[in-house]
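Structure file run.cif with mmCIF, C-alpha atoms:
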```cif
data_query
loop_
_atom_site.label_atom_id
_atom_site.label_comp_id
_atom_site.auth_asym_id
_atom_site.auth_seq_id
_atom_site.Cartn_x
_atom_site.Cartn_y
_atom_site.Cartn_z
CA MET U 1 23.88 75.37 -79.84
CA SER U 2 25.21 72.83 -77.41
CA ALA U 3 22.96 70.00 -76.30
CA VAL U 4 21.58 70.23 -72.81
CA GLU U 5 21.44 67.02 -70.87
CA ASN U 6 18.23 66.20 -69.06
CA PRO U 7 18.79 66.38 -65.34
CA ALA U 8 18.14 63.28 -63.22
CA PRO U 9 14.67 63.31 -61.67
CA SER U 10 14.50 64.65 -58.17
CA ALA U 11 13.67 62.27 -55.37
CA PRO U 12 10.07 62.69 -54.28
CA ALA U 13 9.50 64.19 -50.88
CA SER U 14 6.84 63.30 -48.39
CA ASN U 15 6.32 65.15 -45.09
CA GLY U 16 9.77 66.65 -45.46
CA ASN U 17 11.53 63.26 -45.79
CA ALA U 18 13.52 62.66 -49.01
CA VAL U 19 13.47 59.10 -50.37
CA THR U 20 16.55 57.86 -52.23
CA LEU U 21 15.71 55.84 -55.35
CA VAL U 22 17.44 52.48 -55.82
CA SER U 23 19.48 52.64 -59.00
CA PRO U 24 19.91 49.74 -61.46
CA VAL U 25 23.59 49.61 -60.49
CA ALA U 26 22.69 49.11 -56.82
CA LYS U 27 20.23 46.38 -57.74
CA ALA U 28 22.91 44.63 -59.79
CA ALA U 29 25.29 44.82 -56.84
CA ARG U 30 22.70 43.12 -54.67
CA LEU U 31 22.05 40.35 -57.20
CA SER U 32 25.73 39.87 -58.06
CA PRO U 33 27.67 40.08 -54.78
CA ALA U 34 31.45 40.01 -54.93
CA PRO U 35 33.04 36.54 -55.17
CA PHE U 36 34.04 35.09 -51.79
CA SER U 37 32.22 37.91 -50.00
CA ARG U 38 29.83 35.70 -48.04
CA LEU U 39 30.36 32.63 -45.87
CA ALA U 40 27.87 30.16 -44.43
CA PHE U 41 27.94 27.50 -41.75
CA GLY U 42 25.33 24.84 -41.20
CA GLY U 43 24.46 21.57 -39.52
CA GLY U 44 21.89 18.82 -39.74
CA VAL U 45 21.36 15.11 -40.16
CA SER U 46 22.08 12.90 -43.15
CA SER U 47 22.31 9.28 -44.24
CA MET U 48 26.02 9.51 -43.34
CA GLY U 49 25.43 10.76 -39.81
CA VAL U 50 25.47 14.10 -38.05
CA ASN U 51 26.30 16.70 -40.67
CA LEU U 52 28.40 19.89 -40.50
CA GLN U 53 28.79 22.10 -43.57
CA THR U 54 30.42 25.32 -44.68
CA ALA U 55 29.93 27.20 -47.95
CA VAL U 56 31.44 30.24 -49.63
CA LEU U 57 29.96 32.29 -52.44
CA ALA U 58 31.85 31.83 -55.75
CA ASN U 59 29.64 33.93 -58.03
CA ARG U 60 25.96 34.62 -58.63
CA TYR U 61 25.34 31.04 -59.79
CA MET U 62 27.70 28.95 -57.68
CA ASN U 63 28.81 28.17 -54.13
CA LEU U 64 31.76 26.08 -53.02
CA ARG U 65 30.73 23.78 -50.17
CA GLY U 66 32.48 21.38 -47.81
CA ALA U 67 30.78 18.84 -45.56
CA GLY U 68 31.76 16.39 -42.83
CA ASN U 69 29.69 13.59 -41.32
CA LEU U 70 30.14 11.50 -38.17
CA PHE U 71 28.02 8.87 -36.43
CA ASN U 72 28.71 5.91 -34.12
CA TYR U 73 26.16 3.48 -32.74
CA SER U 74 26.28 0.10 -31.00
CA ILE U 75 23.63 -2.61 -30.69
CA ASN U 76 23.87 -5.84 -28.68
CA ASN U 77 22.44 -9.36 -28.67
CA VAL U 78 21.06 -9.39 -32.20
CA PRO U 79 20.25 -12.95 -33.40
CA VAL U 80 22.00 -13.69 -36.71
CA SER U 81 22.04 -17.24 -38.15
CA GLY U 82 22.38 -18.84 -34.72
CA PHE U 83 24.81 -16.28 -33.33
CA LYS U 84 24.13 -13.58 -30.75
CA ALA U 85 25.86 -10.61 -32.32
CA ASN U 86 27.06 -7.28 -30.97
CA GLY U 87 27.24 -4.77 -33.80
CA LYS U 88 28.73 -1.33 -34.36
CA VAL U 89 27.96 1.33 -36.94
CA ASN U 90 30.91 3.62 -37.63
CA LEU U 91 30.28 6.42 -40.11
CA ALA U 92 32.90 9.05 -40.88
CA ALA U 93 33.13 10.91 -44.19
CA ALA U 94 34.09 14.29 -45.60
CA GLY U 95 33.83 15.84 -49.04
CA ALA U 96 33.38 18.92 -51.17
CA SER U 97 30.99 19.98 -53.91
CA LEU U 98 30.19 22.74 -56.36
CA ASP U 99 26.62 23.94 -55.88
CA PHE U 100 25.22 25.27 -59.16
CA TYR U 101 22.00 27.32 -59.06
CA PRO U 102 20.61 27.69 -62.61
CA PHE U 103 17.96 30.08 -61.25
CA PRO U 104 19.86 32.16 -58.67
CA ASN U 105 16.80 33.67 -57.01
CA HIS U 106 15.36 30.21 -56.34
CA GLY U 107 16.73 27.39 -54.23
CA PHE U 108 17.01 24.55 -56.75
CA ARG U 109 20.56 23.32 -57.30
CA LEU U 110 22.74 20.64 -58.90
CA SER U 111 25.86 19.61 -57.01
CA PRO U 112 28.67 17.52 -58.49
CA GLY U 113 31.35 16.75 -55.94
CA ALA U 114 33.67 14.21 -54.35
CA LEU U 115 34.09 12.25 -51.16
CA LEU U 116 37.65 12.92 -50.06
CA TYR U 117 37.55 10.80 -46.90
CA ASN U 118 35.35 7.74 -46.36
CA GLN U 119 35.50 5.38 -43.37
CA ASN U 120 31.87 4.20 -43.36
CA ARG U 121 31.57 0.60 -42.16
CA PHE U 122 29.63 -1.87 -40.02
CA SER U 123 31.27 -4.47 -37.77
CA ALA U 124 29.99 -7.27 -35.56
CA LEU U 125 31.16 -9.93 -33.11
CA GLY U 126 29.01 -13.03 -32.63
CA LEU U 127 28.98 -16.00 -30.26
CA ALA U 128 26.96 -19.17 -30.72
CA ALA U 129 25.74 -20.73 -27.47
CA ALA U 130 26.75 -24.33 -26.80
CA GLY U 131 24.64 -26.76 -28.81
CA THR U 132 23.23 -24.05 -31.09
CA SER U 133 22.86 -25.14 -34.72
CA ILE U 134 24.56 -23.06 -37.41
CA THR U 135 23.70 -23.50 -41.09
CA ILE U 136 26.38 -22.34 -43.50
CA ASP U 137 26.01 -22.80 -47.25
CA GLY U 138 23.40 -25.53 -46.66
CA MET U 139 25.50 -27.47 -44.13
CA THR U 140 24.46 -27.61 -40.45
CA TYR U 141 26.98 -27.52 -37.63
CA TYR U 142 26.58 -27.37 -33.85
CA SER U 143 28.53 -25.13 -31.51
CA GLU U 144 30.72 -27.21 -29.20
CA THR U 145 30.20 -26.80 -25.43
CA SER U 146 33.75 -26.25 -24.21
CA ASP U 147 34.85 -24.12 -27.18
CA PRO U 148 31.78 -22.41 -28.68
CA LEU U 149 31.79 -21.07 -32.20
CA ASN U 150 32.38 -17.36 -32.58
CA ALA U 151 32.78 -15.04 -35.55
CA SER U 152 33.72 -11.49 -36.46
CA ALA U 153 32.41 -9.71 -39.54
CA SER U 154 33.15 -6.39 -41.19
CA LEU U 155 31.07 -4.72 -43.89
CA GLY U 156 32.96 -1.92 -45.61
CA LEU U 157 30.94 0.81 -47.30
CA ASN U 158 34.14 2.42 -48.55
CA PRO U 159 35.86 0.28 -51.21
CA ARG U 160 36.72 3.63 -52.80
CA LYS U 161 38.10 6.00 -50.19
CA GLN U 162 37.66 8.85 -52.70
CA ALA U 163 34.54 8.82 -54.85
CA PHE U 164 32.45 11.01 -57.16
CA THR U 165 29.18 12.31 -55.73
CA MET U 166 26.12 13.80 -57.40
CA THR U 167 23.24 15.39 -55.55
CA THR U 168 20.38 17.75 -56.17
CA GLY U 169 18.36 19.70 -53.68
CA TRP U 170 16.61 22.83 -52.60
CA GLY U 171 17.73 25.69 -50.41
CA ASN U 172 20.70 28.02 -50.86
CA MET U 173 23.00 28.38 -47.86
CA ILE U 174 23.90 31.81 -49.25
CA SER U 175 20.62 33.22 -50.50
CA ARG U 176 20.74 35.57 -53.50
CA ARG U 177 17.49 37.14 -52.30
CA GLY U 178 18.85 38.37 -49.00
CA GLY U 179 18.43 36.92 -45.54
CA HIS U 180 20.79 34.98 -43.34
CA TRP U 181 18.98 31.73 -42.50
CA SER U 182 18.44 28.74 -44.80
CA PHE U 183 17.05 25.22 -44.52
CA PRO U 184 18.81 23.20 -47.26
CA PHE U 185 17.72 19.74 -48.35
CA GLU U 186 19.56 17.41 -50.73
CA ILE U 187 19.35 13.91 -52.15
CA GLY U 188 21.71 11.93 -54.36
CA ALA U 189 24.44 9.28 -54.21
CA ALA U 190 28.15 8.64 -53.76
CA PHE U 191 29.66 6.21 -56.28
CA VAL U 192 31.70 4.20 -53.78
CA GLY U 193 31.57 0.74 -55.40
CA ALA U 194 30.20 -2.55 -54.09
CA PRO U 195 30.55 -3.10 -50.32
CA THR U 196 33.36 -5.32 -49.05
CA LEU U 197 32.68 -8.17 -46.63
CA THR U 198 35.00 -10.25 -44.47
CA VAL U 199 33.99 -12.95 -41.99
CA VAL U 200 36.42 -14.80 -39.71
CA ALA U 201 35.24 -17.69 -37.52
CA SER U 202 36.92 -19.67 -34.73
CA GLY U 203 36.01 -22.15 -32.00
CA SER U 204 34.89 -25.75 -32.39
CA ALA U 205 32.03 -27.27 -34.39
CA CYS U 206 30.25 -30.60 -34.18
CA LEU U 207 28.46 -32.56 -36.88
CA ASP U 208 25.75 -33.79 -34.49
CA GLN U 209 23.83 -32.25 -31.62
CA ALA U 210 25.03 -35.02 -29.29
CA GLN U 211 28.55 -33.66 -29.93
CA THR U 212 30.18 -37.00 -30.69
CA GLU U 213 32.05 -35.67 -33.74
CA CYS U 214 33.65 -32.31 -32.95
CA SER U 215 36.76 -30.43 -33.96
CA SER U 216 38.31 -26.97 -33.96
CA ILE U 217 37.45 -25.19 -37.19
CA THR U 218 40.92 -23.60 -37.40
CA GLY U 219 42.85 -26.86 -37.65
CA SER U 220 43.39 -29.30 -40.50
CA SER U 221 40.72 -31.84 -39.58
CA GLN U 222 37.97 -32.88 -41.97
CA ILE U 223 35.42 -30.86 -39.98
CA ALA U 224 37.66 -27.77 -40.09
CA THR U 225 38.25 -28.11 -43.83
CA SER U 226 34.54 -28.60 -44.49
CA PHE U 227 33.51 -25.68 -42.26
CA GLN U 228 35.97 -23.21 -43.84
CA SER U 229 34.95 -24.32 -47.33
CA ASN U 230 31.29 -23.76 -46.51
CA LEU U 231 32.08 -20.39 -44.92
CA THR U 232 34.02 -19.25 -47.99
CA ALA U 233 31.14 -20.25 -50.28
CA GLN U 234 28.57 -18.54 -48.04
CA VAL U 235 30.56 -15.28 -47.92
CA ALA U 236 30.86 -15.37 -51.72
CA LYS U 237 27.05 -15.60 -51.98
CA TRP U 238 26.61 -12.68 -49.59
CA LYS U 239 29.09 -10.60 -51.61
CA ASN U 240 27.17 -11.40 -54.77
CA ASP U 241 23.95 -10.25 -53.09
CA LEU U 242 25.69 -6.99 -52.14
CA SER U 243 27.25 -6.34 -55.56
CA PRO U 244 24.32 -4.26 -56.96
CA PHE U 245 24.66 -1.75 -54.10
CA ARG U 246 27.49 0.29 -55.63
CA TYR U 247 26.03 3.65 -54.67
CA TYR U 248 25.79 5.02 -51.15
CA PRO U 249 22.56 7.03 -50.84
CA ILE U 250 22.90 10.63 -49.73
CA ALA U 251 19.98 12.41 -48.11
CA SER U 252 20.31 15.34 -45.74
CA PHE U 253 18.37 18.16 -44.16
CA GLY U 254 19.69 20.96 -42.00
CA ILE U 255 19.88 24.63 -41.13
CA GLY U 256 22.44 27.22 -42.19
CA TYR U 257 23.43 30.80 -41.44
CA ASN U 258 25.40 33.08 -43.77
CA PHE U 259 27.13 36.42 -43.26
CA GLY U 260 29.33 38.85 -45.16
CA PHE U 261 33.05 39.34 -44.64
CA HIS U 262 36.04 40.68 -46.60
CA GLY U 263 35.09 41.94 -50.06
CA GLU U 264 31.30 42.09 -49.59
CA ALA U 265 29.52 44.43 -52.00
CA SER U 266 28.38 47.79 -50.65
CA PRO U 267 24.81 47.82 -49.33
CA ILE U 268 22.02 49.49 -51.27
CA ALA U 269 21.53 53.11 -50.45
CA ARG U 270 18.96 53.62 -47.74
CA ALA U 271 16.45 56.37 -47.14
CA ARG U 272 17.85 59.29 -45.28
#
```

Turn the structure described in the file into structure tokens.
Amino acid sequence: MSAVENPAPSAPASNGNAVTLVSPVAKAARLSPAPFSRLAFGGGVSSMGVNLQTAVLANRYMNLRGAGNLFNYSINNVPVSGFKANGKVNLAAAGASLDFYPFPNHGFRLSPGALLYNQNRFSALGLAAAGTSITIDGMTYYSETSDPLNASASLGLNPRKQAFTMTTGWGNMISRRGGHWSFPFEIGAAFVGAPTLTVVASGSACLDQAQTECSSITGSSQIATSFQSNLTAQVAKWKNDLSPFRYYPIASFGIGYNFGFHGEASPIARAR
């Protein structure tokens, strides 16, 4: 006698409405959407400036994500070692990362990646008023009246234009639990190397406040030689103080929205 297969259970009915049961296959399709079937865009703020991001689903456990950051800010008349300085903050960076979610239905992630473009830096221009005292490497000079001392400085936060990054965070731009909106947060660092520093000074300096012994600091006089030697030594000390800061901190928070496009898995059957 041939075996008779057990028929699938009928869908229960209530008030004449049939309810379609969700099969294990449909559940698996929801939890394992097709690769590259969903895309997300987001924005926010970070330690590198205003942040724009995009992410694409790679598989159940991973997203591929790109990010760009931009920020410019100016500040004037800041007193620095006898100078009145006008400073600028110029941040511009872009990179990519692989977001790995060890627990796909939760937001925790680990994200190795790389900075592919890095132009983060600070710059400043300073002018010392006539008669102002300037102490450089323990030696005091005075800004000459007719040709005041001035200086330009640049602090580069990008000795490595391309650098490895490592972050962790919470919030999946492409949620595996459904929904379109997300609020991702991350923290970590970019391994950019120790900051670079350059300082260039010009004008005339005096050895006394009465300005009886003065000379341009760009010539070959004794005052010029002494000033440039002191400046070189002072910059070397500042660079040494900066040498431990080889990692640019990354911290960001934002909002994202994801949607399906070509190749998205079929939706779960609905009641009909």

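Relative to atom CA of U:Ala114, atom CA of U:Val89 is found at 22.4 Å.
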
_Selection dump of the PyMOL selection byres ((chain U and resi 246) around 8), as an MDAnalysis selection string_ = chainID U and resid 191:195 243:245 247:248

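With only C-alpha atoms as the atoms that count, the minimum distance from U:Gly113 to the choices U:Ala96, U:Ala201, U:Ile75, U:Leu57 is reached by U:Ala96.
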
Hey, could you make a per-residue contact list for stretch 167-255 of chain U against stretch 59-67 of chain U with 10 Å as the cut-off, showing the nearest pair of atoms and its distance in Å to one decimal, counting all atoms listed in the file, sorted by chain and number, as JSON lines?
```
{"residue": "U:Asn172", "atom": "CA", "partner": "U:Asn63", "partner_atom": "CA", "distance": 8.7}
{"residue": "U:Met173", "atom": "CA", "partner": "U:Asn63", "partner_atom": "CA", "distance": 8.6}
{"residue": "U:Ile174", "atom": "CA", "partner": "U:Asn63", "partner_atom": "CA", "distance": 7.8}
{"residue": "U:Ser175", "atom": "CA", "partner": "U:Arg60", "partner_atom": "CA", "distance": 9.8}
{"residue": "U:Arg176", "atom": "CA", "partner": "U:Arg60", "partner_atom": "CA", "distance": 7.4}
```

Writing out the chosen residues with C-alpha atoms as a PDB file, in the frame of the given file:
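To be explicit, this is the file written out as out.pdb:
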```pdb
ATOM      1  CA  ASN U 172      20.700  28.020 -50.860  1.00  0.00           C
ATOM      2  CA  MET U 173      23.000  28.380 -47.860  1.00  0.00           C
ATOM      3  CA  ILE U 174      23.900  31.810 -49.250  1.00  0.00           C
ATOM      4  CA  SER U 175      20.620  33.220 -50.500  1.00  0.00           C
ATOM      5  CA  ARG U 176      20.740  35.570 -53.500  1.00  0.00           C
TER       6      ARG U 176
END
```

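We find atom CA of U:Ser37 and atom CA of U:Arg177 to be spaced 14.9 Å apart.
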
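As for atom CA of U:Leu39 and atom CA of U:Gly260, they are spaced 6.3 Å apart.
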
*Quick one: which residues end up in the PyMOL selection byres ((chain U and resi 237-241) around 10) for this structure, as JSON, numbers by chain?*
{"U": [137, 155, 194, 195, 196, 197, 198, 231, 232, 233, 234, 235, 236, 242, 243, 244, 245]}

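Applied to this file, the PyMOL selection byres ((chain U and resi 171) around 7) selects Gly107, Phe108, Gly169, Trp170, Asn172, Met173, Ser182, Phe183, Pro184 and Phe185 of chain U.
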
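The closest residue to U:Gln211, picked from U:Phe227, U:Ser133, U:Ala190, U:Trp181 and counting all atoms listed in the file, is U:Ser133.
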
Residue list as a short mmCIF file (atom, residue, chain, number, x, y, z; two decimals) with C-alpha atoms, in the coordinates of the input for point (31.2, 0.8, -43.8), cut-off 6 Å, only C-alpha atoms:
```cif
data_model
loop_
_atom_site.label_atom_id
_atom_site.label_comp_id
_atom_site.auth_asym_id
_atom_site.auth_seq_id
_atom_site.Cartn_x
_atom_site.Cartn_y
_atom_site.Cartn_z
CA ASN U 120 31.87 4.20 -43.36
CA ARG U 121 31.57 0.60 -42.16
CA PHE U 122 29.63 -1.87 -40.02
CA LEU U 155 31.07 -4.72 -43.89
CA GLY U 156 32.96 -1.92 -45.61
CA LEU U 157 30.94 0.81 -47.30
CA ASN U 158 34.14 2.42 -48.55
#
```

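Closest approach to U:Ala55 among U:Ser97, U:Ser152, U:Ser229, U:Asn105: U:Ser97, based on only C-alpha atoms.
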
*Shell around U:Pro148 at 6 Å using all atoms listed in the file, local window under 2 positions removed, as a count of residues only*: 6
